[in-house]
Amino acid sequence: MRIATWNVNSVNARLETVLRWFETEQPDVACLQEIKCVDEKFPAEAFERLGYNVAVHGQKTYNGVAMLSKTPLEDVRKGLPDGEGDDHARYIEAVVSGPVPVRVGGIYLPNGNPIGTEKFAYKLAWMDRLHRHAQALLALEEPLVLCGDYNVIPEPRDADKPEAWLGDALFQPESRAAFRGLKNLGLTEAFLEIDGAPESYTFWDYQAGAWNRNHGIRIDHHLLSPQAADRLRACVIHRDVRGWEKPSDHVPVVIELEV
DNA sequence: ATGGTAGACCTTCTA
């Protein structure tokens, strides 16, 4: 089973590019972030024609997440627990049916910039809610994949120019500590399990020629429960997609689980 | 050198 995560930066503006990738790669499951549309505007038919079941947690203009699966999605949850007062659509979860059911959570973690503002406080509070939810899910002792745009650069090696990110919310000690805290619950970071991964970055800014200069960062991650990590066979960053026509600033990251 | 681009949308916000 191949599970993809991809921040598409508007699914409707990007539809041709996104469908081209889906037609070629045919992932079994995909979590999309920053769809930037309400549920009714999500191009569900285009994905259904490719054989996908669709679950959407949309929002006007900003944010919005979706999950696509070749097999039916069960037990769909939209939003993290304790969400009163939080109107951002940033989390969707479902159990992907099959011989070995896999629970998948799709994450669009808050950016948090600029630091020292309520936006950074919101990021950390959201990460705390994710931590508590992940703890509850791990207690189920199921195959679990929490993937998405975490908006966290875990380590200096995950940035082409780490010094350029020192004042950024994505690389603050608090953000990195919260990400480590998630992993310390017993979640495995899929990318780090793969030897000889040729490319480290998943995001290159549209500005200042970041792609041409390879000024990238690795912020899109798959975290796996022990029951999922035991089945991990591959983790691939689809770097070339950043060079396509009308690209997202993020590229797909795909894991393969033996199920 | 505080630039630069992209998307949604009412003119600025978010990233």
# chains A, B, ... in the order shown; residues from 1 in each chain; ligands from 1
>>> residues_around(residues="DC13 of chain B", least_positions_apart="3", cutoff="12 Å", atoms="only C-alpha atoms (C1' of nucleotides)", output="MDAnalysis selection string")
(chainID A and resid 61:62) or (chainID B and resid 7:10)
>>> interface_residues(of="chain B", to="chain A", cutoff="8 Å", atoms="only C-alpha atoms (C1' of nucleotides)", output="ChimeraX atom specification")
/B:3-8,14-15
>>> write_last_selection(atoms="C-alpha atoms (C1' of nucleotides)", output="short mmCIF file (atom, residue, chain, number, x, y, z; two decimals), in the first residue's frame")
data_model
loop_
_atom_site.label_atom_id
_atom_site.label_comp_id
_atom_site.auth_asym_id
_atom_site.auth_seq_id
_atom_site.Cartn_x
_atom_site.Cartn_y
_atom_site.Cartn_z
"C1'" DG B 3 14.11 41.77 -1.95
"C1'" DG B 4 11.29 37.89 -4.36
"C1'" DT B 5 6.17 34.69 -6.07
"C1'" DA B 6 1.72 32.49 -5.82
"C1'" DG B 7 -3.32 31.97 -4.64
"C1'" DA B 8 -7.76 33.65 -3.15
"C1'" DT B 14 -1.33 33.87 4.16
"C1'" DA B 15 2.45 31.28 3.05
#
>>> residues_around(residues="Pro43 of chain A", least_positions_apart="2", cutoff="12 Å", atoms="only C-alpha atoms (C1' of nucleotides)", output="list of chain:residue names")
A:Ser10, A:Val11, A:Asn12, A:Ala13, A:Arg14, A:Leu15, A:Glu16, A:Val18, A:Leu19, A:Ile35, A:Lys36, A:Cys37, A:Val38, A:Asp39, A:Glu40, A:Lys41, A:Glu45, A:Ala46, A:Phe47, A:Glu48, A:Arg49, A:Leu50, A:Tyr52, A:Val54, A:Ala55, A:Val56, A:Gly58, A:Ala66, A:Leu68
>>> residues_around(residues="segment 93-110 of chain A", least_positions_apart="2", cutoff="8 Å", atoms="only C-alpha atoms (C1' of nucleotides)", output="PDB file with N, CA and C atoms, in the first residue's frame")
ATOM      1  N   THR A   5       1.504  12.054   0.822  1.00  0.00           N
ATOM      2  CA  THR A   5       1.078  13.343   1.361  1.00  0.00           C
ATOM      3  C   THR A   5       1.575  14.419   0.417  1.00  0.00           C
ATOM      4  N   VAL A  29      -3.523   5.683  -1.305  1.00  0.00           N
ATOM      5  CA  VAL A  29      -4.091   6.682  -0.399  1.00  0.00           C
ATOM      6  C   VAL A  29      -3.320   7.979  -0.593  1.00  0.00           C
ATOM      7  N   CYS A  31      -3.150  12.102   1.127  1.00  0.00           N
ATOM      8  CA  CYS A  31      -3.614  13.205   1.967  1.00  0.00           C
ATOM      9  C   CYS A  31      -3.168  14.499   1.296  1.00  0.00           C
ATOM     10  N   LEU A  32      -4.138  15.366   1.040  1.00  0.00           N
ATOM     11  CA  LEU A  32      -3.839  16.660   0.416  1.00  0.00           C
ATOM     12  C   LEU A  32      -4.026  17.760   1.448  1.00  0.00           C
ATOM     13  N   GLN A  33      -3.134  18.761   1.384  1.00  0.00           N
ATOM     14  CA  GLN A  33      -3.259  19.922   2.260  1.00  0.00           C
ATOM     15  C   GLN A  33      -3.336  21.199   1.432  1.00  0.00           C
ATOM     16  N   GLU A  34      -3.829  22.233   2.084  1.00  0.00           N
ATOM     17  CA  GLU A  34      -4.029  23.550   1.458  1.00  0.00           C
ATOM     18  C   GLU A  34      -4.846  23.431   0.171  1.00  0.00           C
ATOM     19  N   ASN A  63      -6.201  27.060   4.070  1.00  0.00           N
ATOM     20  CA  ASN A  63      -6.162  25.732   4.685  1.00  0.00           C
ATOM     21  C   ASN A  63      -6.983  24.719   3.882  1.00  0.00           C
ATOM     22  N   VAL A  65      -8.155  20.344   4.003  1.00  0.00           N
ATOM     23  CA  VAL A  65      -7.458  19.069   3.828  1.00  0.00           C
ATOM     24  C   VAL A  65      -8.423  18.052   3.225  1.00  0.00           C
ATOM     25  N   ALA A  66      -7.868  17.051   2.552  1.00  0.00           N
ATOM     26  CA  ALA A  66      -8.696  16.012   1.941  1.00  0.00           C
ATOM     27  C   ALA A  66      -7.959  14.689   2.005  1.00  0.00           C
ATOM     28  N   MET A  67      -8.737  13.598   1.937  1.00  0.00           N
ATOM     29  CA  MET A  67      -8.132  12.277   1.864  1.00  0.00           C
ATOM     30  C   MET A  67      -8.773  11.502   0.724  1.00  0.00           C
ATOM     31  N   SER A  69      -8.760   7.660  -1.347  1.00  0.00           N
ATOM     32  CA  SER A  69      -8.381   6.258  -1.147  1.00  0.00           C
ATOM     33  C   SER A  69      -9.045   5.368  -2.172  1.00  0.00           C
ATOM     34  N   THR A  71      -9.682   2.269  -1.650  1.00  0.00           N
ATOM     35  CA  THR A  71     -10.661   1.451  -0.926  1.00  0.00           C
ATOM     36  C   THR A  71     -11.474   2.380  -0.019  1.00  0.00           C
ATOM     37  N   PRO A  72     -12.650   1.919   0.421  1.00  0.00           N
ATOM     38  CA  PRO A  72     -13.521   2.808   1.208  1.00  0.00           C
ATOM     39  C   PRO A  72     -12.859   3.338   2.482  1.00  0.00           C
ATOM     40  N   LEU A  73     -13.226   4.556   2.821  1.00  0.00           N
ATOM     41  CA  LEU A  73     -12.737   5.209   4.041  1.00  0.00           C
ATOM     42  C   LEU A  73     -13.797   5.067   5.128  1.00  0.00           C
ATOM     43  N   GLU A  74     -13.362   4.602   6.284  1.00  0.00           N
ATOM     44  CA  GLU A  74     -14.287   4.411   7.385  1.00  0.00           C
ATOM     45  C   GLU A  74     -13.860   5.242   8.582  1.00  0.00           C
ATOM     46  N   ASP A  75     -14.830   5.487   9.488  1.00  0.00           N
ATOM     47  CA  ASP A  75     -14.506   6.163  10.743  1.00  0.00           C
ATOM     48  C   ASP A  75     -13.841   7.519  10.487  1.00  0.00           C
ATOM     49  N   VAL A  76     -14.426   8.292   9.553  1.00  0.00           N
ATOM     50  CA  VAL A  76     -13.833   9.585   9.167  1.00  0.00           C
ATOM     51  C   VAL A  76     -13.999  10.609  10.291  1.00  0.00           C
ATOM     52  N   ARG A  77     -12.903  11.288  10.618  1.00  0.00           N
ATOM     53  CA  ARG A  77     -12.923  12.362  11.612  1.00  0.00           C
ATOM     54  C   ARG A  77     -12.397  13.631  10.959  1.00  0.00           C
ATOM     55  N   LYS A  78     -13.076  14.759  11.217  1.00  0.00           N
ATOM     56  CA  LYS A  78     -12.627  16.049  10.682  1.00  0.00           C
ATOM     57  C   LYS A  78     -12.318  16.978  11.840  1.00  0.00           C
ATOM     58  N   ARG A  90      -7.660  21.778   9.340  1.00  0.00           N
ATOM     59  CA  ARG A  90      -6.262  21.352   9.256  1.00  0.00           C
ATOM     60  C   ARG A  90      -6.038  19.869   9.539  1.00  0.00           C
ATOM     61  N   TYR A  91      -7.086  19.116   9.813  1.00  0.00           N
ATOM     62  CA  TYR A  91      -6.868  17.698  10.151  1.00  0.00           C
ATOM     63  C   TYR A  91      -8.019  16.849   9.637  1.00  0.00           C
ATOM     64  N   GLY A 112       2.772  29.354  11.776  1.00  0.00           N
ATOM     65  CA  GLY A 112       3.242  29.948  13.025  1.00  0.00           C
ATOM     66  C   GLY A 112       4.048  31.226  12.906  1.00  0.00           C
ATOM     67  N   TYR A 122      -0.550  29.790  18.545  1.00  0.00           N
ATOM     68  CA  TYR A 122      -1.545  28.868  17.971  1.00  0.00           C
ATOM     69  C   TYR A 122      -0.871  27.607  17.438  1.00  0.00           C
ATOM     70  N   LYS A 123       0.272  27.783  16.786  1.00  0.00           N
ATOM     71  CA  LYS A 123       1.016  26.628  16.283  1.00  0.00           C
ATOM     72  C   LYS A 123       1.348  25.668  17.425  1.00  0.00           C
ATOM     73  N   TRP A 126      -1.683  23.969  18.841  1.00  0.00           N
ATOM     74  CA  TRP A 126      -2.182  22.944  17.899  1.00  0.00           C
ATOM     75  C   TRP A 126      -1.322  21.684  17.991  1.00  0.00           C
ATOM     76  N   MET A 127      -0.007  21.888  18.117  1.00  0.00           N
ATOM     77  CA  MET A 127       0.902  20.737  18.246  1.00  0.00           C
ATOM     78  C   MET A 127       0.636  19.985  19.542  1.00  0.00           C
ATOM     79  N   GLU A 142      -2.732   0.018  16.580  1.00  0.00           N
ATOM     80  CA  GLU A 142      -3.056  -0.304  15.188  1.00  0.00           C
ATOM     81  C   GLU A 142      -1.963   0.234  14.277  1.00  0.00           C
ATOM     82  N   PRO A 143      -1.938  -0.235  13.008  1.00  0.00           N
ATOM     83  CA  PRO A 143      -1.149   0.484  12.004  1.00  0.00           C
ATOM     84  C   PRO A 143      -1.719   1.899  11.845  1.00  0.00           C
ATOM     85  N   LEU A 144      -0.871   2.887  12.090  1.00  0.00           N
ATOM     86  CA  LEU A 144      -1.282   4.292  12.089  1.00  0.00           C
ATOM     87  C   LEU A 144      -0.236   5.121  11.349  1.00  0.00           C
ATOM     88  N   VAL A 145      -0.703   5.965  10.433  1.00  0.00           N
ATOM     89  CA  VAL A 145       0.189   6.870   9.707  1.00  0.00           C
ATOM     90  C   VAL A 145      -0.328   8.293   9.888  1.00  0.00           C
ATOM     91  N   LEU A 146       0.500   9.158  10.483  1.00  0.00           N
ATOM     92  CA  LEU A 146       0.160  10.576  10.607  1.00  0.00           C
ATOM     93  C   LEU A 146       1.080  11.340   9.660  1.00  0.00           C
ATOM     94  N   CYS A 147       0.498  11.786   8.536  1.00  0.00           N
ATOM     95  CA  CYS A 147       1.342  12.394   7.509  1.00  0.00           C
ATOM     96  C   CYS A 147       0.794  13.764   7.130  1.00  0.00           C
ATOM     97  N   GLY A 148       1.697  14.593   6.596  1.00  0.00           N
ATOM     98  CA  GLY A 148       1.243  15.891   6.145  1.00  0.00           C
ATOM     99  C   GLY A 148       2.334  16.940   6.144  1.00  0.00           C
ATOM    100  N   ASP A 149       1.872  18.185   5.998  1.00  0.00           N
ATOM    101  CA  ASP A 149       2.749  19.346   6.074  1.00  0.00           C
ATOM    102  C   ASP A 149       2.843  19.741   7.538  1.00  0.00           C
ATOM    103  N   TYR A 150       3.936  19.309   8.184  1.00  0.00           N
ATOM    104  CA  TYR A 150       4.114  19.586   9.611  1.00  0.00           C
ATOM    105  C   TYR A 150       4.637  20.994   9.867  1.00  0.00           C
ATOM    106  N   ASN A 151       5.104  21.672   8.836  1.00  0.00           N
ATOM    107  CA  ASN A 151       5.680  23.012   9.006  1.00  0.00           C
ATOM    108  C   ASN A 151       6.730  23.039  10.108  1.00  0.00           C
ATOM    109  N   ALA A 228       2.713   0.131  12.084  1.00  0.00           N
ATOM    110  CA  ALA A 228       2.925   0.578  10.704  1.00  0.00           C
ATOM    111  C   ALA A 228       4.406   0.540  10.349  1.00  0.00           C
ATOM    112  N   VAL A 259       1.289  -4.601   3.170  1.00  0.00           N
ATOM    113  CA  VAL A 259       0.049  -5.048   3.833  1.00  0.00           C
ATOM    114  C   VAL A 259      -0.593  -6.179   3.032  1.00  0.00           C
TER     115      VAL A 259
END
>>> select_by_dssp(residues="segment 181-252 of chain A", states="strand (DSSP E or B)", output="ChimeraX atom specification")
/A:188-189,203-204,216-217,220-224,232-237,250
>>> write_last_selection(atoms="C-alpha atoms", output="short mmCIF file (atom, residue, chain, number, x, y, z; two decimals), in the first residue's frame")
data_model
loop_
_atom_site.label_atom_id
_atom_site.label_comp_id
_atom_site.auth_asym_id
_atom_site.auth_seq_id
_atom_site.Cartn_x
_atom_site.Cartn_y
_atom_site.Cartn_z
CA THR A 188 8.79 6.52 13.74
CA GLU A 189 9.75 9.12 11.12
CA PHE A 203 9.49 22.42 -0.09
CA TRP A 204 11.12 25.17 -2.11
CA GLY A 216 14.82 23.80 0.17
CA ILE A 217 13.59 22.45 3.48
CA ASP A 220 6.44 17.15 4.96
CA HIS A 221 6.65 14.03 7.08
CA HIS A 222 5.14 10.58 7.72
CA LEU A 223 5.08 9.46 11.37
CA LEU A 224 4.30 5.76 11.91
CA LEU A 232 7.51 0.17 6.07
CA ARG A 233 9.30 -0.70 2.83
CA ALA A 234 9.98 2.66 1.15
CA CYS A 235 9.78 6.44 1.52
CA VAL A 236 10.24 8.50 -1.63
CA ILE A 237 10.26 12.28 -2.12
CA HIS A 250 5.66 21.37 -1.96
#
>>> atom_distance(atom1="atom CA of Trp21 of chain A", atom2="atom CA of Gly79 of chain A")
27.0 Å
>>> residues_around(residues="Leu182 of chain A", least_positions_apart="4", cutoff="7 Å", atoms="only C-alpha atoms (C1' of nucleotides)", output="list in words")
His131, Ala178 and Leu187 of chain A
>>> atom_distance(atom1="atom CA of Val152 of chain A", atom2="atom CA of Phe179 of chain A")
7.3 Å
>>> select_by_dssp(residues="segment 15-235 of chain A", states="helix (DSSP H, G or I)", output="tab-separated table (two decimals) with C-alpha atoms, in the first residue's frame")
chain	number	residue	atom	x	y	z
A	15	LEU	CA	-5.89	20.43	-10.76
A	16	GLU	CA	-4.16	19.63	-14.05
A	17	THR	CA	-0.80	19.18	-12.32
A	18	VAL	CA	-2.28	17.13	-9.48
A	19	LEU	CA	-4.23	14.81	-11.79
A	20	ARG	CA	-1.18	14.27	-13.98
A	21	TRP	CA	0.73	13.03	-10.95
A	22	PHE	CA	-2.16	10.83	-9.76
A	23	GLU	CA	-2.58	9.25	-13.20
A	24	THR	CA	1.11	8.33	-13.26
A	25	GLU	CA	1.63	7.28	-9.65
A	39	ASP	CA	-16.23	20.96	0.45
A	40	GLU	CA	-18.65	21.81	-2.39
A	41	LYS	CA	-15.85	23.25	-4.53
A	44	ALA	CA	-14.34	15.13	-6.23
A	45	GLU	CA	-15.58	13.81	-9.59
A	46	ALA	CA	-12.13	14.17	-11.17
A	47	PHE	CA	-10.66	11.90	-8.47
A	48	GLU	CA	-13.62	9.51	-8.49
A	118	GLU	CA	-0.55	34.76	18.57
A	119	LYS	CA	0.13	32.79	15.37
A	120	PHE	CA	3.15	31.12	16.93
A	121	ALA	CA	1.20	30.44	20.13
A	122	TYR	CA	-1.54	28.87	17.97
A	123	LYS	CA	1.02	26.63	16.28
A	124	LEU	CA	2.33	25.34	19.61
A	125	ALA	CA	-1.17	24.88	21.03
A	126	TRP	CA	-2.18	22.94	17.90
A	127	MET	CA	0.90	20.74	18.25
A	128	ASP	CA	-0.08	20.05	21.85
A	129	ARG	CA	-3.55	18.97	20.73
A	130	LEU	CA	-1.98	16.76	18.05
A	131	HIS	CA	0.31	15.25	20.69
A	132	ARG	CA	-2.61	14.30	22.91
A	133	HIS	CA	-4.60	12.86	19.99
A	134	ALA	CA	-1.60	10.86	18.75
A	135	GLN	CA	-1.18	9.48	22.27
A	136	ALA	CA	-4.80	8.30	22.25
A	137	LEU	CA	-4.44	6.73	18.79
A	138	LEU	CA	-1.23	4.93	19.72
A	156	PRO	CA	19.73	21.56	10.56
A	157	ARG	CA	20.42	18.94	7.88
A	158	ASP	CA	16.79	19.34	6.77
A	162	PRO	CA	19.72	26.38	8.16
A	163	GLU	CA	21.03	29.79	9.26
A	164	ALA	CA	18.39	31.45	7.06
A	165	TRP	CA	15.62	29.82	9.14
A	169	ALA	CA	8.62	29.54	13.25
A	170	LEU	CA	9.43	26.34	11.31
A	171	PHE	CA	12.85	26.08	12.95
A	173	PRO	CA	13.49	25.27	19.37
A	174	GLU	CA	9.87	25.05	20.64
A	175	SER	CA	8.60	23.78	17.27
A	176	ARG	CA	11.40	21.24	16.97
A	177	ALA	CA	10.92	20.11	20.58
A	178	ALA	CA	7.19	19.58	19.99
A	179	PHE	CA	7.99	17.49	16.90
A	180	ARG	CA	10.48	15.43	18.91
A	181	GLY	CA	7.81	15.07	21.58
A	182	LEU	CA	5.49	13.48	19.04
A	183	LYS	CA	8.19	11.02	18.01
A	184	ASN	CA	8.97	10.29	21.65
A	190	ALA	CA	9.56	7.14	7.88
A	191	PHE	CA	12.13	9.13	5.91
A	192	LEU	CA	14.90	8.44	8.44
A	193	GLU	CA	14.38	4.68	8.14
A	207	GLN	CA	10.50	33.42	-4.22
A	208	ALA	CA	14.11	34.35	-4.86
A	209	GLY	CA	14.80	31.40	-7.17
A	226	PRO	CA	5.09	0.60	15.66
A	227	GLN	CA	2.50	-1.55	13.86
A	228	ALA	CA	2.93	0.58	10.70
A	229	ALA	CA	6.70	0.99	11.02
>>> decode(residues="segment 157-187 of chain A", atoms="N, CA and C atoms", output="PDB file, in the first residue's frame")
ATOM      1  N   ARG A 157      20.180  19.613   9.164  1.00  0.00           N
ATOM      2  CA  ARG A 157      20.425  18.939   7.879  1.00  0.00           C
ATOM      3  C   ARG A 157      19.186  18.946   6.984  1.00  0.00           C
ATOM      4  N   ASP A 158      18.031  19.310   7.545  1.00  0.00           N
ATOM      5  CA  ASP A 158      16.793  19.340   6.772  1.00  0.00           C
ATOM      6  C   ASP A 158      16.552  20.690   6.101  1.00  0.00           C
ATOM      7  N   ALA A 159      17.567  21.538   6.077  1.00  0.00           N
ATOM      8  CA  ALA A 159      17.501  22.821   5.367  1.00  0.00           C
ATOM      9  C   ALA A 159      18.793  23.020   4.589  1.00  0.00           C
ATOM     10  N   ASP A 160      18.659  23.562   3.374  1.00  0.00           N
ATOM     11  CA  ASP A 160      19.851  23.845   2.585  1.00  0.00           C
ATOM     12  C   ASP A 160      20.694  24.934   3.242  1.00  0.00           C
ATOM     13  N   LYS A 161      19.997  25.941   3.811  1.00  0.00           N
ATOM     14  CA  LYS A 161      20.692  27.017   4.529  1.00  0.00           C
ATOM     15  C   LYS A 161      20.049  27.179   5.891  1.00  0.00           C
ATOM     16  N   PRO A 162      20.400  26.330   6.854  1.00  0.00           N
ATOM     17  CA  PRO A 162      19.722  26.380   8.164  1.00  0.00           C
ATOM     18  C   PRO A 162      19.799  27.753   8.819  1.00  0.00           C
ATOM     19  N   GLU A 163      20.885  28.475   8.608  1.00  0.00           N
ATOM     20  CA  GLU A 163      21.027  29.787   9.258  1.00  0.00           C
ATOM     21  C   GLU A 163      19.956  30.765   8.798  1.00  0.00           C
ATOM     22  N   ALA A 164      19.413  30.547   7.586  1.00  0.00           N
ATOM     23  CA  ALA A 164      18.389  31.455   7.062  1.00  0.00           C
ATOM     24  C   ALA A 164      17.045  31.251   7.760  1.00  0.00           C
ATOM     25  N   TRP A 165      16.907  30.163   8.518  1.00  0.00           N
ATOM     26  CA  TRP A 165      15.621  29.817   9.143  1.00  0.00           C
ATOM     27  C   TRP A 165      15.632  30.023  10.656  1.00  0.00           C
ATOM     28  N   LEU A 166      16.707  30.594  11.186  1.00  0.00           N
ATOM     29  CA  LEU A 166      16.845  30.709  12.644  1.00  0.00           C
ATOM     30  C   LEU A 166      15.726  31.540  13.271  1.00  0.00           C
ATOM     31  N   GLY A 167      15.238  32.559  12.551  1.00  0.00           N
ATOM     32  CA  GLY A 167      14.177  33.393  13.101  1.00  0.00           C
ATOM     33  C   GLY A 167      12.793  32.978  12.675  1.00  0.00           C
ATOM     34  N   ASP A 168      12.696  31.803  12.037  1.00  0.00           N
ATOM     35  CA  ASP A 168      11.428  31.355  11.452  1.00  0.00           C
ATOM     36  C   ASP A 168      10.728  30.359  12.375  1.00  0.00           C
ATOM     37  N   ALA A 169       9.405  30.422  12.385  1.00  0.00           N
ATOM     38  CA  ALA A 169       8.617  29.535  13.250  1.00  0.00           C
ATOM     39  C   ALA A 169       8.865  28.060  12.942  1.00  0.00           C
ATOM     40  N   LEU A 170       9.241  27.738  11.702  1.00  0.00           N
ATOM     41  CA  LEU A 170       9.432  26.345  11.305  1.00  0.00           C
ATOM     42  C   LEU A 170      10.671  25.713  11.939  1.00  0.00           C
ATOM     43  N   PHE A 171      11.556  26.586  12.437  1.00  0.00           N
ATOM     44  CA  PHE A 171      12.850  26.081  12.952  1.00  0.00           C
ATOM     45  C   PHE A 171      13.105  26.550  14.378  1.00  0.00           C
ATOM     46  N   GLN A 172      12.067  26.991  15.077  1.00  0.00           N
ATOM     47  CA  GLN A 172      12.250  27.412  16.467  1.00  0.00           C
ATOM     48  C   GLN A 172      12.496  26.201  17.370  1.00  0.00           C
ATOM     49  N   PRO A 173      13.272  26.376  18.423  1.00  0.00           N
ATOM     50  CA  PRO A 173      13.486  25.274  19.368  1.00  0.00           C
ATOM     51  C   PRO A 173      12.169  24.685  19.882  1.00  0.00           C
ATOM     52  N   GLU A 174      11.160  25.557  20.123  1.00  0.00           N
ATOM     53  CA  GLU A 174       9.873  25.049  20.637  1.00  0.00           C
ATOM     54  C   GLU A 174       9.170  24.167  19.607  1.00  0.00           C
ATOM     55  N   SER A 175       9.227  24.568  18.335  1.00  0.00           N
ATOM     56  CA  SER A 175       8.596  23.777  17.274  1.00  0.00           C
ATOM     57  C   SER A 175       9.297  22.428  17.130  1.00  0.00           C
ATOM     58  N   ARG A 176      10.614  22.476  17.127  1.00  0.00           N
ATOM     59  CA  ARG A 176      11.398  21.243  16.968  1.00  0.00           C
ATOM     60  C   ARG A 176      11.207  20.336  18.182  1.00  0.00           C
ATOM     61  N   ALA A 177      11.118  20.916  19.368  1.00  0.00           N
ATOM     62  CA  ALA A 177      10.917  20.106  20.576  1.00  0.00           C
ATOM     63  C   ALA A 177       9.545  19.437  20.546  1.00  0.00           C
ATOM     64  N   ALA A 178       8.533  20.163  20.064  1.00  0.00           N
ATOM     65  CA  ALA A 178       7.190  19.577  19.993  1.00  0.00           C
ATOM     66  C   ALA A 178       7.171  18.430  18.986  1.00  0.00           C
ATOM     67  N   PHE A 179       7.907  18.576  17.885  1.00  0.00           N
ATOM     68  CA  PHE A 179       7.993  17.488  16.902  1.00  0.00           C
ATOM     69  C   PHE A 179       8.709  16.281  17.503  1.00  0.00           C
ATOM     70  N   ARG A 180       9.789  16.534  18.218  1.00  0.00           N
ATOM     71  CA  ARG A 180      10.480  15.433  18.906  1.00  0.00           C
ATOM     72  C   ARG A 180       9.566  14.784  19.927  1.00  0.00           C
ATOM     73  N   GLY A 181       8.739  15.598  20.588  1.00  0.00           N
ATOM     74  CA  GLY A 181       7.806  15.066  21.578  1.00  0.00           C
ATOM     75  C   GLY A 181       6.823  14.090  20.963  1.00  0.00           C
ATOM     76  N   LEU A 182       6.365  14.402  19.764  1.00  0.00           N
ATOM     77  CA  LEU A 182       5.485  13.476  19.037  1.00  0.00           C
ATOM     78  C   LEU A 182       6.207  12.152  18.804  1.00  0.00           C
ATOM     79  N   LYS A 183       7.424  12.237  18.290  1.00  0.00           N
ATOM     80  CA  LYS A 183       8.188  11.020  18.006  1.00  0.00           C
ATOM     81  C   LYS A 183       8.460  10.224  19.284  1.00  0.00           C
ATOM     82  N   ASN A 184       8.672  10.951  20.380  1.00  0.00           N
ATOM     83  CA  ASN A 184       8.968  10.285  21.652  1.00  0.00           C
ATOM     84  C   ASN A 184       7.776   9.520  22.212  1.00  0.00           C
ATOM     85  N   LEU A 185       6.579   9.778  21.659  1.00  0.00           N
ATOM     86  CA  LEU A 185       5.420   8.962  22.045  1.00  0.00           C
ATOM     87  C   LEU A 185       5.558   7.534  21.526  1.00  0.00           C
ATOM     88  N   GLY A 186       6.449   7.354  20.534  1.00  0.00           N
ATOM     89  CA  GLY A 186       6.623   6.036  19.937  1.00  0.00           C
ATOM     90  C   GLY A 186       6.331   6.019  18.447  1.00  0.00           C
ATOM     91  N   LEU A 187       6.392   7.200  17.829  1.00  0.00           N
ATOM     92  CA  LEU A 187       6.168   7.298  16.387  1.00  0.00           C
ATOM     93  C   LEU A 187       7.518   7.325  15.661  1.00  0.00           C
TER      94      LEU A 187
END
